[in-house]
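The block underneath contains the structure these notes are about, expressed in structure tokens.
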Amino acid sequence: MPIDTELILRQALEFARLELDPARAAELSIELQGLVENWAAITEAATFDDDPAHFLAVLSDLADPPLG
Amino acid sequence: MPSDVLELTLAELSAAIRRRQVSSLDATRACLDAIAAGDSRINSFICVERDAALEQARMADREIEAGRWLGSLHGVPLAHKDMFYRRGKVSTGGSRILGDRPATTTATVQERLAQAGAVYLGNLNMSEFAAGPTGHNEHHGHCRNPWDARHASGGSSSGSGAAIAARFAFGSLGSDTGGSIRLPAAMCGVVGLKPTYGLVSRYGVMPRCWSLDVVGPLARTAEDCALLLRAVAGRDDRDPTTATRSVPDYTKALAGSIEGWKIGVPRNPIFAEVDGGVQRALDASLRELEALGAVVVPIELPEPRVLYALTNLVNKAEAAALHARWVRERRDDYSLSSVNRFEAGFHLPATYYLDALRVRGRLLADFVQRVFSRVDVVHLPVLGVPVPTIDDTEVRETAGVPELIERITRHTRWVNYVGIPGLSVPCGFDPDGLPVAFQLLGRPFGEARLLRMAHVYQQATDWHRRSPLNETAVGAPPC
């Protein structure tokens with residue numbers, strides 16, 4: 001899944017009204033690239049039909065049984 | 001009083017206090033004297049509450065003498081990461097920004113420890129706003145490793161790991177968003193437990209990332225962690241994410257064997273990159289656990305790198321939201337490493353963040369089904385590299401630091417995304433004499449199982465009895 005990190009970065013900088021020097025922007029761009037590099041794998045992993053609030057219930061449902 | 005009271009574990013001290021072989025006052029004074037003599041070498045405390053701690057200890061002794069023993073933490077000197085609020089007192093969160101803001105409430109975990117009669121020694125150093133796995137702190141000074149002060153303590157609960165290893169306190173609460181309990185525990189050679197998400201209240205605790213944050217104990221032994229966890233775990237109506245299930249007696253659960261328990265050892269390619277010296281200690285720990293009756297089973301984990309990326313999405317987006325105003329208005333009051341981390345979240349599309357949360361329950365169920373249908377626990381590194389030096393992980397100075405940070409956090413960070421418990425257990429030393437630890441993962445709310453396995457291991461080994469050289473310097477400032 002191609003990600004235009006430079007575009008996202010420019011938009012984000014404008015949105016957040018942050019003033020960053022080029023070196024800082026480059027660092028952040030590298031970090032962002034690291035975040036999204038596995039995105040294709042992520043999208044293949046699930047169908048995105050879960051409610052985030054469901055997570056606590058899933059934890060409880062899958063709990064370790066008491067030790068004997 | 002035993003001359004080596006500081007070498008007692010929390011459980012041993014507790015028993016001695018109850019039997020009145022050791023007074024809380026003597027134990028507390030021994031801790032305070034050790035801090036005064038040696039903390040400048042490792043900088044584990046932000047401040048010490050000497051007079052208040054001594055008064056609490058005297059009160060505990062009076063109560064116990066009168067037959068009013070409150071339980072296993074009564075009179076036991078503890079110290080905590082500087083992010084658990086107490087009304088009217090400052091918790092800096094390791095930051096400059098919170099340094100002049102007295103808290104308006106008291107954390108539930110603080111209330112529970114106070115009700116249990118624990119003594120509060122002071123506020124421990126931490127990474128700024130609980131962000132950073134090494135223990136660097138530009139505002140309060142870097143926390144240093146008691147085994148070699150040139151090396152990092154680990155973070156973000158840096159002072160917790162360092163102070164417990166240095167025998168300055170008998171137990172500590174830390175927080176863990178991606179390894180912040182387990183990493184300092186591993187790097188300093190103590191036990192650290194990241195509980196299941198929702199087991200321990202976060203009310204009155206400085207947030208780092210609300211979908212991932214948990215509060216948990218660090219101490220010298222699994223038994224000590226069991227005592228601390230029992231005291232703070234359980235439903236809190238002021239934190240609606242806490243589970244309603246009853247809290248087991250973790251100490252009772254320590255009794256018993258691990259005969260026949262299946263230990264999953266991941267064989268994913270990422271684990272082939274573990275440092276050789278670290279791997280030798282991990283392998284030795286597995287042989288010991290096998291000798292104690294466990295069965296080692298090779299397994300394949302759901303791809304940790306995917307879970308790691310998802311964790312980063314949640315972590316950075318929530319941290320950016322939490323810090324948005326201060327980043328804009330007080331940017332110069334942050335360290336560079338912190339503001340780098342928080343600003344990154346501004347650059348993530350909201351849809352990525354929401355998708356990462358939407359698939360979380362599904363991926364947890366997949367993880368549990370694929371892993372814990374085959375094994376009882378998973379055994380893996382806490383960090384797969386030797387404990388780094390402070391200089392090697394200094395953001396301002398060193399190229400390649402982001403890659404090293406990824407290496408440090410790659411086996412801990414994603415565990416918070418799936419929400420399961422993780423326990424760091426010391427299991428030896430690398431060739432440079434720095435601690436190595438293994439990590440145990442279990443099913444949700446499987447803390448009792450992890451603690452039993454670690455306890456059985458510690459009964460058969462003595463890594464937790466090893467003490468860093470006690471080179472002395474000067475103490476920490478008063479609160």
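Here, A, B, ... name the chains of the structure tokens in the order displayed, residue numbers run from 1 inside each chain, and ligands are numbered from 1 in the same displayed order.
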
Discussion item. Show me, as a count of residues only, the residues of chain B whose atoms get within 8 Å of chain A, using only C-alpha atoms for the distance check.
Written reply: 37

Worksheet entry | Polymer residues at most 10 Å from Met59 (chain B), only C-alpha atoms, same-chain spacing of 6 or more positions, as JSON, numbers by chain | {"B": [24, 25, 53, 65, 75, 117, 119]}

Fill in: Residues within 8 Å of region 283-287 of chain B, only C-alpha atoms, excluding chain neighbours under 5 positions, as a ChimeraX atom specification
/B:296,427,438

Keeping only N, CA and C atoms, write the selected residues as a short mmCIF file (atom, residue, chain, number, x, y, z; two decimals), in the first residue's frame.
```
data_model
loop_
_atom_site.label_atom_id
_atom_site.label_comp_id
_atom_site.auth_asym_id
_atom_site.auth_seq_id
_atom_site.Cartn_x
_atom_site.Cartn_y
_atom_site.Cartn_z
N VAL B 296 9.27 -27.70 26.76
CA VAL B 296 9.50 -26.64 25.78
C VAL B 296 8.91 -27.03 24.43
N CYS B 427 17.77 -13.64 34.70
CA CYS B 427 18.24 -15.02 34.48
C CYS B 427 19.74 -15.07 34.18
N PHE B 438 14.51 -13.08 31.04
CA PHE B 438 13.52 -13.63 30.11
C PHE B 438 12.16 -13.03 30.43
#
```
